[in-house]
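For reference, coords-v1.txt is printed below; it contains compact mmCIF, C-alpha atoms and all ligand atoms.
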```txt
# COMPACT_ATOMS: atom_id res chain seq x y z
CA MET A 15 108.58 101.47 129.68
CA LYS A 16 112.19 101.19 128.68
CA ILE A 17 112.79 103.33 125.59
CA LEU A 18 115.93 103.53 123.47
CA ILE A 19 116.19 106.91 121.75
CA THR A 20 118.66 107.31 118.92
CA GLY A 21 119.90 110.85 118.32
CA GLY A 22 118.82 111.89 121.82
CA ALA A 23 121.66 114.40 122.19
CA GLY A 24 120.20 116.32 119.25
CA PHE A 25 117.59 119.03 119.08
CA ILE A 26 114.26 117.21 118.67
CA ALA A 27 115.03 113.89 120.36
CA SER A 28 116.39 115.61 123.48
CA HIS A 29 112.93 117.15 123.92
CA VAL A 30 111.37 113.74 123.27
CA ALA A 31 113.66 112.25 125.95
CA ASP A 32 112.62 114.98 128.40
CA ALA A 33 108.93 114.28 127.72
CA TYR A 34 109.36 110.50 128.17
CA ILE A 35 111.38 110.90 131.37
CA GLU A 36 108.82 113.37 132.72
CA LEU A 37 106.22 110.61 132.31
CA GLY A 38 108.39 108.15 134.24
CA HIS A 39 109.80 106.12 131.35
CA GLU A 40 113.33 104.72 131.49
CA VAL A 41 115.37 106.26 128.68
CA VAL A 42 118.60 105.08 127.07
CA ILE A 43 120.11 107.45 124.51
CA ILE A 44 122.54 106.51 121.78
CA ASP A 45 124.21 109.25 119.75
CA ASN A 46 127.55 109.81 118.02
CA LEU A 47 127.50 113.54 118.91
CA SER A 48 128.11 114.48 115.26
CA SER A 49 125.57 117.29 115.52
CA GLY A 50 124.23 116.57 119.00
CA ASN A 51 125.57 117.98 122.23
CA THR A 52 125.99 116.43 125.67
CA ALA A 53 124.49 119.63 127.14
CA ASN A 54 121.15 118.51 125.65
CA LEU A 55 121.19 115.17 127.48
CA ASN A 56 118.65 114.69 130.23
CA PRO A 57 120.70 113.71 133.32
CA LYS A 58 118.16 110.97 134.11
CA ALA A 59 118.85 109.24 130.79
CA LYS A 60 121.57 106.66 130.31
CA PHE A 61 123.86 107.85 127.51
CA ILE A 62 125.96 105.64 125.23
CA GLU A 63 128.17 107.29 122.63
CA VAL A 64 127.96 105.19 119.50
CA ASP A 65 127.58 105.57 115.78
CA ILE A 66 124.51 103.78 114.42
CA THR A 67 126.51 102.79 111.34
CA ASP A 68 128.51 100.49 113.62
CA LYS A 69 126.49 97.30 113.23
CA GLU A 70 128.22 95.23 115.94
CA LYS A 71 128.04 97.93 118.59
CA VAL A 72 124.39 98.72 117.84
CA GLN A 73 123.54 95.03 118.05
CA ALA A 74 125.39 94.66 121.36
CA ILE A 75 123.60 97.67 122.86
CA VAL A 76 120.13 96.55 121.76
CA ARG A 77 120.81 93.01 123.06
CA GLU A 78 122.06 94.35 126.36
CA GLU A 79 119.43 97.05 126.93
CA ARG A 80 116.41 95.17 125.51
CA PRO A 81 114.21 98.26 125.09
CA GLU A 82 110.45 97.85 124.67
CA ILE A 83 110.32 100.83 122.32
CA ILE A 84 112.89 102.27 119.95
CA ASN A 85 112.46 105.92 119.08
CA HIS A 86 114.68 106.60 116.09
CA HIS A 87 115.80 110.18 115.52
CA ALA A 88 119.52 109.79 114.73
CA ALA A 89 120.07 110.90 111.16
CA HIS A 90 122.04 113.06 108.87
CA ILE A 91 119.64 115.98 108.34
CA GLN A 92 121.23 118.35 105.81
CA VAL A 93 119.31 118.21 102.53
CA GLY A 94 121.96 120.17 100.59
CA TYR A 95 124.79 117.97 101.81
CA SER A 96 122.76 114.88 100.93
CA VAL A 97 122.79 116.14 97.33
CA LYS A 98 126.58 116.55 97.42
CA ASN A 99 127.20 113.26 99.19
CA PRO A 100 124.24 110.87 98.85
CA GLN A 101 126.39 107.94 99.99
CA PHE A 102 127.02 109.61 103.35
CA ASP A 103 123.31 110.32 103.75
CA ALA A 104 122.36 106.73 102.86
CA GLN A 105 125.05 105.31 105.14
CA ASN A 106 123.61 107.15 108.16
CA ASN A 107 119.92 107.18 107.32
CA ILE A 108 119.42 103.83 105.59
CA ILE A 109 122.25 101.57 106.81
CA GLY A 110 121.97 103.12 110.29
CA LEU A 111 118.27 102.26 110.43
CA LEU A 112 118.91 98.75 109.12
CA ASN A 113 121.48 98.16 111.87
CA ILE A 114 118.88 99.13 114.44
CA MET A 115 116.11 97.04 112.90
CA GLU A 116 118.28 93.96 112.41
CA ALA A 117 119.09 94.17 116.12
CA ALA A 118 115.46 94.96 117.07
CA LYS A 119 114.07 91.88 115.37
CA GLU A 120 116.06 89.70 117.81
CA ILE A 121 114.27 91.11 120.88
CA PRO A 122 110.57 91.32 121.85
CA ILE A 123 110.19 94.92 120.76
CA LYS A 124 106.76 96.57 121.04
CA LYS A 125 107.17 99.38 118.55
CA VAL A 126 109.51 101.60 116.58
CA ILE A 127 108.78 105.30 116.24
CA MET A 128 110.77 107.05 113.52
CA ALA A 129 111.33 110.71 112.72
CA ALA A 130 110.64 111.18 109.03
CA THR A 131 110.13 114.26 106.93
CA GLY A 132 106.94 115.82 105.66
CA GLY A 133 108.65 118.81 104.09
CA ALA A 134 110.99 116.75 101.89
CA MET A 135 108.65 113.78 101.26
CA TYR A 136 106.00 114.90 98.82
CA GLY A 137 107.88 116.83 96.13
CA ASN A 138 106.32 119.80 94.36
CA LYS A 139 102.59 119.44 94.90
CA ILE A 140 99.79 121.77 95.87
CA THR A 141 99.84 122.41 99.62
CA PRO A 142 98.85 121.22 102.15
CA PHE A 143 100.40 117.79 101.66
CA ASN A 144 98.49 114.80 103.05
CA GLU A 145 99.57 111.19 103.59
CA GLU A 146 97.46 109.94 100.67
CA MET A 147 99.64 111.91 98.27
CA LYS A 148 102.37 109.97 96.53
CA ALA A 149 105.76 110.26 98.22
CA GLU A 150 108.03 111.78 95.60
CA PRO A 151 111.08 113.03 97.49
CA LEU A 152 113.38 115.23 95.42
CA SER A 153 116.58 114.87 97.46
CA PRO A 154 118.71 111.97 98.67
CA TYR A 155 117.70 112.99 102.22
CA GLY A 156 113.98 112.68 101.40
CA ILE A 157 114.65 109.43 99.57
CA SER A 158 116.53 107.96 102.54
CA LYS A 159 113.65 108.89 104.86
CA ARG A 160 111.12 107.29 102.51
CA ALA A 161 113.34 104.23 102.21
CA GLY A 162 113.35 104.07 106.01
CA GLU A 163 109.56 103.95 106.02
CA LEU A 164 109.51 101.20 103.41
CA TYR A 165 111.99 99.19 105.49
CA LEU A 166 109.85 99.70 108.59
CA ASN A 167 106.90 98.38 106.63
CA TYR A 168 109.00 95.37 105.65
CA TYR A 169 109.95 94.65 109.29
CA HIS A 170 106.30 94.99 110.26
CA GLU A 171 105.17 92.55 107.57
CA LEU A 172 107.92 90.01 108.17
CA TYR A 173 108.67 90.32 111.88
CA GLN A 174 105.44 91.94 113.16
CA ILE A 175 107.27 94.97 114.56
CA PRO A 176 104.71 97.81 114.65
CA PHE A 177 105.94 101.25 113.62
CA ILE A 178 104.80 104.83 113.43
CA SER A 179 106.64 107.19 111.14
CA LEU A 180 106.12 110.81 112.12
CA ARG A 181 106.58 113.06 109.10
CA TYR A 182 107.54 116.41 110.59
CA SER A 183 107.29 119.76 108.88
CA ASN A 184 109.97 122.35 109.83
CA VAL A 185 110.55 121.87 113.53
CA TYR A 186 111.83 124.80 115.60
CA GLY A 187 112.51 125.53 119.26
CA PRO A 188 115.24 125.84 121.88
CA ARG A 189 118.44 123.75 121.32
CA GLN A 190 118.12 123.76 117.53
CA ASN A 191 121.51 123.87 115.83
CA ALA A 192 121.92 127.34 114.29
CA HIS A 193 124.92 126.31 112.22
CA GLY A 194 123.25 123.96 109.76
CA GLU A 195 121.66 124.81 106.46
CA SER A 196 118.10 124.65 107.79
CA GLY A 197 116.52 125.86 110.98
CA VAL A 198 116.00 129.43 109.84
CA ILE A 199 114.41 130.54 113.12
CA ALA A 200 117.46 129.33 115.05
CA ILE A 201 119.85 130.86 112.52
CA PHE A 202 118.12 134.26 112.52
CA SER A 203 117.75 134.28 116.32
CA GLU A 204 121.37 133.42 117.04
CA MET A 205 122.76 135.87 114.47
CA ILE A 206 120.60 138.76 115.62
CA ALA A 207 121.34 137.98 119.28
CA ASP A 208 125.05 138.18 118.31
CA GLY A 209 124.51 141.54 116.55
CA LYS A 210 124.92 140.07 113.06
CA THR A 211 122.60 140.59 110.06
CA PRO A 212 121.22 137.39 108.57
CA VAL A 213 120.84 137.24 104.81
CA ILE A 214 117.60 135.86 103.38
CA ASN A 215 118.04 133.53 100.41
CA GLY A 216 116.04 134.85 97.45
CA ASP A 217 113.13 137.27 97.84
CA GLY A 218 111.97 135.58 101.07
CA THR A 219 108.50 134.70 99.78
CA HIS A 220 109.04 130.94 100.00
CA THR A 221 106.84 129.45 102.70
CA ARG A 222 107.29 126.67 105.22
CA ASP A 223 105.17 125.05 107.92
CA TYR A 224 106.83 125.65 111.31
CA VAL A 225 105.92 123.29 114.15
CA TYR A 226 107.11 123.87 117.70
CA VAL A 227 109.38 121.20 119.18
CA GLU A 228 107.25 120.58 122.30
CA ASP A 229 104.28 119.81 120.06
CA VAL A 230 106.51 117.35 118.18
CA ALA A 231 107.62 115.76 121.46
CA ARG A 232 103.95 115.35 122.41
CA ALA A 233 103.30 113.50 119.14
CA ASN A 234 106.08 111.09 120.16
CA VAL A 235 104.39 110.62 123.53
CA LEU A 236 100.98 109.94 121.97
CA ALA A 237 102.56 107.53 119.48
CA LEU A 238 103.67 105.29 122.39
CA ASN A 239 100.16 104.10 123.15
CA SER A 240 98.60 104.07 119.70
CA ASP A 241 97.86 100.86 117.80
CA PHE A 242 98.24 102.67 114.49
CA VAL A 243 100.90 101.45 112.07
CA GLY A 244 102.04 103.76 109.28
CA GLU A 245 102.85 107.36 108.50
CA LEU A 246 101.46 110.52 110.06
CA ASN A 247 102.08 114.15 109.19
CA ILE A 248 103.06 116.36 112.10
CA GLY A 249 102.75 120.01 111.13
CA THR A 250 100.43 122.99 111.44
CA THR A 251 99.00 123.49 107.90
CA THR A 252 100.00 127.16 108.29
CA GLU A 253 102.43 128.56 105.74
CA ILE A 254 104.84 131.25 106.86
CA SER A 255 107.25 133.05 104.54
CA THR A 256 110.92 133.55 105.32
CA ASN A 257 110.31 137.31 105.33
CA GLU A 258 107.62 136.85 108.01
CA VAL A 259 110.03 134.74 110.06
CA PHE A 260 112.69 137.43 109.77
CA ARG A 261 110.30 140.23 110.81
CA LYS A 262 108.95 138.25 113.74
CA VAL A 263 112.40 137.37 115.08
CA VAL A 264 113.61 140.96 114.61
CA SER A 265 110.62 142.36 116.47
CA GLU A 266 110.88 139.83 119.33
CA MET A 267 114.59 140.59 119.62
CA GLY A 268 113.77 144.30 119.83
CA SER A 269 116.21 144.85 116.96
CA ASP A 270 115.95 147.37 114.11
CA ILE A 271 118.12 145.61 111.52
CA LYS A 272 116.94 145.71 107.93
CA GLU A 273 116.31 142.80 105.59
CA GLU A 274 119.12 141.73 103.28
CA HIS A 275 118.60 139.29 100.44
CA SER A 276 120.93 137.14 98.38
CA ALA A 277 120.36 135.07 95.24
CA GLU A 278 117.84 132.22 95.38
CA ARG A 279 119.25 128.79 96.26
CA PRO A 280 118.68 126.63 93.17
CA GLY A 281 116.16 123.82 93.53
CA GLU A 282 114.51 125.26 96.66
CA GLN A 283 110.94 124.15 97.21
CA VAL A 284 108.63 127.17 96.96
CA THR A 285 105.86 126.18 99.35
CA SER A 286 105.39 123.52 101.99
CA SER A 287 102.74 122.73 104.54
CA LEU A 288 101.27 119.59 106.04
CA ASP A 289 97.70 118.52 106.58
CA TYR A 290 97.75 116.99 110.09
CA SER A 291 94.11 115.84 110.21
CA LYS A 292 95.14 112.16 110.22
CA ALA A 293 97.35 112.67 113.29
CA LYS A 294 94.48 114.52 114.92
CA GLN A 295 92.06 111.70 114.20
CA ILE A 296 94.43 108.85 115.14
CA LEU A 297 96.56 110.28 117.95
CA GLY A 298 94.34 113.14 119.08
CA TRP A 299 97.33 115.34 118.27
CA GLU A 300 97.22 118.93 117.17
CA PRO A 301 99.69 121.77 117.49
CA GLN A 302 99.21 123.86 120.62
CA VAL A 303 101.98 126.44 120.34
CA ASN A 304 101.31 128.97 117.59
CA PHE A 305 104.06 130.67 115.61
CA ASN A 306 104.02 133.96 117.55
CA GLU A 307 104.26 132.19 120.90
CA GLY A 308 106.88 129.73 119.61
CA VAL A 309 109.17 132.44 118.25
CA LYS A 310 108.80 134.37 121.51
CA ARG A 311 110.02 131.29 123.42
CA VAL A 312 112.93 130.67 121.04
CA VAL A 313 114.08 134.28 121.15
CA ALA A 314 113.88 134.28 124.96
CA TRP A 315 116.03 131.13 124.97
CA TYR A 316 118.66 132.69 122.67
CA LYS A 317 118.74 135.89 124.72
CA ASN A 318 119.49 133.87 127.87
CA LYS A 319 121.93 131.45 126.26
N1 LIG B 401 114.57 119.66 112.35
C1 LIG B 401 113.56 119.45 111.52
O1 LIG B 401 112.90 120.41 111.10
C2 LIG B 401 113.22 118.06 111.08
C3 LIG B 401 112.17 117.91 110.16
C4 LIG B 401 111.84 116.63 109.75
C5 LIG B 401 112.50 115.53 110.27
N2 LIG B 401 113.52 115.71 111.15
C6 LIG B 401 114.20 114.53 111.64
O2 LIG B 401 114.24 114.54 113.05
C7 LIG B 401 115.43 113.90 113.51
C8 LIG B 401 116.19 114.81 114.46
O3 LIG B 401 116.54 116.01 113.78
P1 LIG B 401 117.11 117.29 114.55
O4 LIG B 401 116.60 118.48 113.84
O5 LIG B 401 116.88 117.14 116.00
O6 LIG B 401 118.65 117.18 114.19
P2 LIG B 401 119.94 117.02 115.13
O7 LIG B 401 121.10 117.07 114.20
O8 LIG B 401 119.89 118.01 116.24
O9 LIG B 401 119.75 115.57 115.74
C9 LIG B 401 120.26 114.41 115.12
C10 LIG B 401 121.02 113.65 116.18
O10 LIG B 401 121.45 112.41 115.62
C11 LIG B 401 122.84 112.21 115.92
N3 LIG B 401 123.40 111.40 114.85
C12 LIG B 401 123.55 111.73 113.55
N4 LIG B 401 124.11 110.72 112.87
C13 LIG B 401 124.33 109.72 113.78
C14 LIG B 401 124.91 108.44 113.69
N5 LIG B 401 125.39 107.97 112.54
N6 LIG B 401 124.99 107.69 114.82
C15 LIG B 401 124.52 108.15 116.00
N7 LIG B 401 123.96 109.37 116.13
C16 LIG B 401 123.88 110.15 115.04
C17 LIG B 401 123.42 113.61 116.00
O11 LIG B 401 124.61 113.68 116.75
C18 LIG B 401 122.29 114.38 116.65
O12 LIG B 401 122.36 114.35 118.06
C19 LIG B 401 116.21 113.52 112.26
O13 LIG B 401 115.93 112.17 111.96
C20 LIG B 401 115.65 114.42 111.20
O14 LIG B 401 115.77 113.88 109.91
C21 LIG B 401 113.90 116.95 111.56
```

Could you quickly redo this structure as C-alpha cells?
Amino acid sequence: MKILITGGAGFIASHVADAYIELGHEVVIIDNLSSGNTANLNPKAKFIEVDITDKEKVQAIVREERPEIINHHAAHIQVGYSVKNPQFDAQNNIIGLLNIMEAAKEIPIKKVIMAATGGAMYGNKITPFNEEMKAEPLSPYGISKRAGELYLNYYHELYQIPFISLRYSNVYGPRQNAHGESGVIAIFSEMIADGKTPVINGDGTHTRDYVYVEDVARANVLALNSDFVGELNIGTTTEISTNEVFRKVVSEMGSDIKEEHSAERPGEQVTSSLDYSKAKQILGWEPQVNFNEGVKRVVAWYKNK
C-alpha cells in the first residue's frame, strides 16, 4: 500500500516507516524537521520537507501522492511548552491535522492512523487508565490530541474516513530526542554516556508506563489491517518510577554516579499507566519488549552513537 507518514523524520514515526517499508509498503514522509532529523529517514522512503500548517502545500502533496493510508505522527510534543504557548500547540496539532484531513477527504483514502496520547489524555484518575474513562486532558497538548480524535470522528461520520487513534504511554527507544522536556530514558542515557549527572525532578517516586518503540511500531502495522474505528491505548500497564529508570540506566551504563534531585515540577502527574486489553483484543497487540530489555537496547544505542 502507499502510505503517507507525517513526522516520519522523528523518533516514533521513523520506526513506523521502517516497519512499513520492511513489509513492502511504499512510504512517503512529510516533515518540517523542527524536531526530526534526516538521519532518521529510511532511504527507501520518499521525503518531502513541508510544514503541515501550510494548507496549500499539504493539499498539493496529498493530491499528487494519493496515499491509501495516512499515518499522522507530526506534532508539537512538549507538554510544558504547550502550557506556555497553547496557540503554537493548537496551530501544529489541530490546524495541522485539519489541513491533512481537508486534503484527505478529496481522495479515496482507506484509513487514517493517528498518534495520540494516553499519558496526557485521562487526567488524574486511578491507574491503569482505560478507554472507557472520560478523557479529561489537563494540558493544551492533551487537549489538542483529544480535539484531533474528535475531528477524526467527525471526518469518519461525514466523509466515511475510518480512523484509529493510538493513545501511547511514554514511548522510549533509539533515536528519541534527548533534548526535550520528556523522554527521561533518552535524557538520562545521553547525559550519563557524556559523563554528566542527570538531575531527577522531585523525589523520583512519580511513575510512568514505558513502552518500547518497536512495540509501538508494531501497533501501527496491526492497525493497517483492522476494521476497528476509534481509540486504543498502547502501553504496558506497568508503572516504573523515575528513580527506577535512573538506577536501571546507571547500571546498564556501568556507571557509579549518584542520584541528584531538584524541586518538583509543579503540576506534574503523579502516576500514569495504560490498560491495553482493548488493543490486545482488537489488534492482537501486546508489548513484547520488557523494560529491562528495552533499556539495555537504548543504552547500547547511546554507547555506540
Ligand atoms: N514520545 C512519546 O512518548 C509520545 C507519547 C504519546 C504520543 N506521542 C506522539 O507521537 C508522535 C511522534 O512523537 P515523537 O516522540 O516521535 O516526537 P518527535 O518530535 O521525534 O517527532 C515529531 C515529528 O514531527 C515533525 N513535526 C513537528 N511539527 C511539524 C509540522 N508542523 N509540520 C511537519 N512536521 C512536523 C518533527 O520534525 C518530528 O520529526 C507525536 O504526535 C506525539 O504527540 C509521543

Which residues of chain A come within 6 Å of ligand LIG 401 (chain B), and what is each one's closest atom pair and distance in Å (one decimal), counting only C-alpha atoms and all ligand atoms, sorted by chain and residue number, as CSV?
```
residue,atom,partner,partner_atom,distance
A:Gly21,CA,B:LIG401,O10,3.5
A:Gly22,CA,B:LIG401,O12,5.7
A:Ala23,CA,B:LIG401,O12,4.2
A:Gly24,CA,B:LIG401,O12,3.2
A:Phe25,CA,B:LIG401,O5,3.7
A:Ile26,CA,B:LIG401,O5,3.7
A:Ala27,CA,B:LIG401,O5,5.7
A:Asp45,CA,B:LIG401,N7,3.6
A:Asn46,CA,B:LIG401,C15,4.0
A:Leu47,CA,B:LIG401,O11,3.6
A:Ser48,CA,B:LIG401,O11,3.9
A:Ser49,CA,B:LIG401,O11,3.9
A:Gly50,CA,B:LIG401,O12,3.1
A:Val64,CA,B:LIG401,C15,5.7
A:Asp65,CA,B:LIG401,N6,3.5
A:Ile66,CA,B:LIG401,N6,4.0
A:Thr67,CA,B:LIG401,N5,5.4
A:His87,CA,B:LIG401,O13,4.1
A:Ala88,CA,B:LIG401,O10,3.4
A:Ala89,CA,B:LIG401,C12,4.3
A:His90,CA,B:LIG401,N4,5.1
A:Ile91,CA,B:LIG401,O14,4.7
A:Asn106,CA,B:LIG401,N5,4.8
A:Ala129,CA,B:LIG401,O2,4.8
A:Ala130,CA,B:LIG401,C5,4.9
A:Thr131,CA,B:LIG401,C4,4.1
A:Tyr182,CA,B:LIG401,C4,4.4
A:Ser183,CA,B:LIG401,C3,5.4
A:Asn184,CA,B:LIG401,O1,3.7
A:Val185,CA,B:LIG401,O1,3.7
```

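The interatomic distance for the pair CA of Gly216 in chain A and CA of Glu258 in chain A works out to 13.7 Å.
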
Query raised in the report: For Ser269 in chain A, which residue among A:Asn304, A:Asn85, A:Ser203, A:Ser158 is the nearest when counting all atoms listed in the file?
Result: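 With all atoms listed in the file as the atom set, the closest residue is A:Ser203.
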
With 6 Å on each side, where is the centre of the axis-aligned box around all listed atoms of range 185-196 of chain A, and how long are its edges in Å to one decimal, as lines of an AutoDock Vina configuration file?
```
center_x = 117.7
center_y = 124.6
center_z = 114.2
size_x = 26.4
size_y = 17.5
size_z = 27.4
```

Give me the residues of range 164-196 of chain A that have any atom at most 12 Å from an atom of range 224-237 of chain A; for each, the nearest atom pair and the distance in Å, rounded to one decimal. Use all atoms listed in the file, sort by chain and number, and format it as a Markdown table.
```
| residue | atom | partner | partner_atom | distance |
| --- | --- | --- | --- | --- |
| A:Pro176 | CA | A:Ala237 | CA | 11.1 |
| A:Phe177 | CA | A:Ala237 | CA | 9.2 |
| A:Ile178 | CA | A:Ala237 | CA | 7.0 |
| A:Ser179 | CA | A:Ala237 | CA | 9.3 |
| A:Leu180 | CA | A:Ala233 | CA | 8.0 |
| A:Arg181 | CA | A:Val230 | CA | 10.0 |
| A:Tyr182 | CA | A:Val230 | CA | 7.7 |
| A:Ser183 | CA | A:Tyr224 | CA | 6.4 |
| A:Asn184 | CA | A:Tyr224 | CA | 4.8 |
| A:Val185 | CA | A:Val225 | CA | 4.9 |
| A:Tyr186 | CA | A:Tyr226 | CA | 5.2 |
| A:Gly187 | CA | A:Val227 | CA | 5.3 |
| A:Pro188 | CA | A:Val227 | CA | 7.9 |
| A:Arg189 | CA | A:Val227 | CA | 9.7 |
| A:Gln190 | CA | A:Val227 | CA | 9.3 |
| A:Ser196 | CA | A:Tyr224 | CA | 11.8 |
```

Query raised in the report: In file coordinates, which residues lie within 7 Å of (120.8, 119.6, 126.4) using all atoms listed in the file, given as an MDAnalysis selection string?
Result: chainID A and resid 23 28 51:56 189

Query - Separation of CA of Lys317 in chain A from CA of Ala207 in chain A in Å - result: 6.4 Å

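Atom to atom, CA of Ile43 in chain A and CA of Ile62 in chain A stand 6.2 Å apart.
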
**Report entry** Which residue of A:Ala104, A:Ala118, A:Gly249, A:Lys262 approaches Arg160 in chain A most closely, using only C-alpha atoms
**Finding:**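 That would be A:Ala104, the residue with the smallest distance to Arg160 in chain A.
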
Query raised in the report: Which residues, written as a PyMOL selection string, have at least one atom at most 12 Å from Lys294 in chain A, with all atoms listed in the file counted and residues fewer than 2 positions away on the same chain left out?
Result: chain A and resi 233+236-237+246-250+289-292+296-302

Query - Within 12 Å of Tyr173 in chain A using only C-alpha atoms, minus same-chain residues under 6 positions, as a ChimeraX atom specification - result: /A:115-125,165-167
